[in-house]
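Participant: Supplied in structure tokens, the structure appears directly below.
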Amino acid sequence: MKIYRNSENIERDLKILNLERQIAWEEIKAVKEEYKEDFRPYNWIQSGLKIAALILHEGIHAEIHGFVSRYEAGVEPNNRPRLFKLYAHYKGWAEKYQDEDYNWKQDAHHNYMVENYVTQIASAIRQIDNNKYPLSYYMAYGWDGLTKYGYTAKRLSISQNKTNQELRRIVEQKTQICK
Amino acid sequence: MKNLILLIFTMLIVSCTNKTKGNNVSEVISFMIDKKAFPLPPPPLNGTSSKVKDSLLNLKLKVALFPIMEDVEVEKIPEEYRYILKNQDGDFEKLRQENVYSKKGHQIIMADTIELKKSKDFNSFDLLFHFSKLYYSKDKQKVFFELGVSRSRLAGQSTFYVLKKQNDKWGVEYSKPLSIW
């Protein structure tokens, strides 16, 4: 058990845990979005509560999987100076845009995801698909919803994205998951 | 003959009323596009000069409007603005692009809802604006609505706005962030 000797350390850890919770929530949302697509009433008649329970169940899977794979990949969950740098950077942009409603935290989160999670998501999807194809075939899953952030950060090009989408099409034609 | 004249007269009045409402709607939408359409800021890179940052503010974006305007849930509306709900006649469920413009030069298009379902990323435009119905006060000097602005289906935020007209110009009187995705 960790012993705290001053309130600053407690504050710091609480901040880190809160950030982790927000990142995990982003990951859960991605899963939820998939279910919205796959389990529309005309595809699969379910009560709202059952669907909600299913989303929660899958969300917990995603959180556990995310935590374990991060740990296995050697990511130190308490060391996130880059995340704080992104927070400070995008807070600065909020002042530049002079838009009191601009949610700069959201842009910080998505950039952090681009820098740290795209390959991890792709790799997890590859595992679920029994490693049928090389990792490049699954990169489109990692970039889902993040391509504009990838272009701006110069970590993804339009032609790369096009290739990723073509490779994903091959995966989706052959996969047996949820068919 | 008398009936025909009466019918034409009635149609003329109805069409004029709708036109005034239509102009009000496009005014509000145009105002919000110029307020909320700005490019995605790049992540911190070494040596990004303030000149580069300033030039980003001048970028012209392609903005898509979601065509369906839904109701705002009553619980999202602060108590002091709920009186405006009494003046509604349930019009304007479909958003029209007519008269919507951007003073900043952003290109405005209507979103293709079928295309939107195919991908989590927006491939043919930069930002999606999804307006709720617009609720005007009786004197048309105030309006409230919810607005979702997204860079992708997994990156966006929605905000509740109250605008007030002063000297014939709209300005934000109140805003409250509702959700992020």
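FYI, nothing fancy with the structure tokens labels: chains A, B, ... in order, residues from 1 per chain, ligands from 1 as they appear.
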Should the cut-off be 6 Å, what would the residue list for chain A against chain B look like, counting only C-alpha atoms, as JSON, numbers by chain?
Facilitator: {"A": [144, 145, 152, 153]}
Participant: Identify, on the basis of only C-alpha atoms, every residue whose closest approach to region 94-101 of chain B does not exceed 9 Å; exclude the query and any residue fewer than 6 positions from it along the same chain; express the result as an MDAnalysis selection string.
Facilitator: chainID B and resid 22:23 25:31 33:34 65:70 107:110 131 133
Participant: Find the spatial neighbours of region 157-171 of chain A, counting only C-alpha atoms, within a cut-off of 12 Å - ignore same-chain residues fewer than 4 positions away - and output them as a short mmCIF file (atom, residue, chain, number, x, y, z; two decimals) with C-alpha atoms, in the first residue's frame.
Facilitator:
```cif
data_model
loop_
_atom_site.label_atom_id
_atom_site.label_comp_id
_atom_site.auth_asym_id
_atom_site.auth_seq_id
_atom_site.Cartn_x
_atom_site.Cartn_y
_atom_site.Cartn_z
CA ALA A 122 -4.81 -1.82 -33.83
CA ILE A 125 -8.08 -5.71 -32.70
CA ARG A 126 -5.52 -7.91 -34.45
CA ILE A 128 -9.23 -10.40 -31.34
CA ASP A 129 -9.06 -11.43 -35.01
CA ASN A 130 -6.60 -14.21 -34.08
CA ASN A 131 -3.61 -12.38 -35.60
CA LYS A 132 -4.77 -13.37 -39.07
CA TYR A 133 -3.00 -10.53 -40.88
CA PRO A 134 0.01 -8.29 -40.22
CA LEU A 135 -0.53 -5.26 -37.97
CA SER A 136 -0.77 -2.84 -40.91
CA TYR A 137 -4.10 -4.44 -41.87
CA TYR A 138 -5.60 -3.29 -38.55
CA MET A 139 -4.21 0.26 -38.36
CA ALA A 140 -7.47 1.78 -39.68
CA TYR A 141 -9.20 0.59 -36.48
CA GLY A 142 -6.63 2.46 -34.40
CA TRP A 143 -7.09 5.63 -36.44
CA ASP A 144 -10.90 5.57 -36.35
CA GLY A 145 -12.14 9.01 -35.36
CA LEU A 146 -8.59 10.35 -35.09
CA THR A 147 -7.46 10.78 -38.71
CA LYS A 148 -7.74 14.60 -38.66
CA TYR A 149 -5.60 14.68 -35.52
CA GLY A 150 -3.14 12.38 -37.29
CA TYR A 151 -2.93 14.67 -40.34
CA THR A 152 -2.41 17.78 -38.20
CA ALA A 153 0.30 16.09 -36.13
CA THR A 175 -13.26 -12.04 -40.38
CA GLN A 176 -15.64 -14.38 -38.55
CA ILE A 177 -15.93 -12.16 -35.46
CA LYS B 118 -20.03 4.85 -43.40
CA SER B 119 -17.07 6.23 -41.53
CA LYS B 120 -16.14 7.53 -38.09
CA ASP B 121 -14.02 10.20 -39.77
CA ASN B 123 -13.63 12.60 -45.30
#
```
Participant: Write out as an mmCIF file with N, CA and C atoms, in the first residue's frame each polymer residue whose atoms come within 8 Å of Tyr136 (chain B), counting only C-alpha atoms; drop sequence neighbours fewer than 4 positions from it.
Facilitator:
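Final output, result.cif:
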```
data_model
loop_
_atom_site.group_PDB
_atom_site.id
_atom_site.type_symbol
_atom_site.label_atom_id
_atom_site.label_comp_id
_atom_site.auth_asym_id
_atom_site.auth_seq_id
_atom_site.Cartn_x
_atom_site.Cartn_y
_atom_site.Cartn_z
ATOM 1 N N ILE B 84 -39.516 30.732 -22.786
ATOM 2 C CA ILE B 84 -39.445 30.858 -24.253
ATOM 3 C C ILE B 84 -40.127 29.665 -24.934
ATOM 4 N N ASN B 87 -43.655 29.901 -26.621
ATOM 5 C CA ASN B 87 -43.927 30.600 -27.882
ATOM 6 C C ASN B 87 -43.708 29.747 -29.118
ATOM 7 N N GLN B 88 -43.460 28.435 -28.927
ATOM 8 C CA GLN B 88 -43.040 27.640 -30.073
ATOM 9 C C GLN B 88 -44.203 27.056 -30.853
ATOM 10 N N LYS B 140 -38.546 37.862 -30.769
ATOM 11 C CA LYS B 140 -37.439 37.417 -31.650
ATOM 12 C C LYS B 140 -36.083 38.046 -31.292
ATOM 13 N N GLN B 141 -35.975 38.538 -30.065
ATOM 14 C CA GLN B 141 -34.712 39.164 -29.668
ATOM 15 C C GLN B 141 -33.814 38.195 -28.900
ATOM 16 N N LYS B 142 -34.363 37.023 -28.581
ATOM 17 C CA LYS B 142 -33.577 35.999 -27.892
ATOM 18 C C LYS B 142 -33.849 34.665 -28.557
ATOM 19 N N VAL B 143 -32.846 33.797 -28.530
ATOM 20 C CA VAL B 143 -33.043 32.465 -29.080
ATOM 21 C C VAL B 143 -32.166 31.491 -28.303
ATOM 22 N N PHE B 144 -32.706 30.309 -28.037
ATOM 23 C CA PHE B 144 -31.820 29.292 -27.435
ATOM 24 C C PHE B 144 -31.839 28.020 -28.264
#
```
Participant: Extract, using only C-alpha atoms, all DNA, RNA and protein residues at most 8 Å from Leu83 (chain A), discarding same-chain residues fewer than 4 positions from it, and format them as a list in words.
Facilitator: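 Here the answer would be Tyr87, Ala108, His109 and Tyr112 of chain A.
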Participant: Distance CA of Leu128 (chain B)-CA of Leu86 (chain A), one decimal place?
Facilitator: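 Taking CA of Leu128 (chain B) as the start and CA of Leu86 (chain A) as the end point, the length is 24.2 Å.
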Participant: CA of Glu11 (chain A) and CA of Lys105 (chain A), how far apart in Å?
Facilitator: 19.3 Å
Participant: Looking only at alpha helix (DSSP H) from DSSP on the backbone, list the matching residues of region 74-141 of chain A as an MDAnalysis selection string.
Facilitator: chainID A and resid 81:97 104:116 118:128 139:141
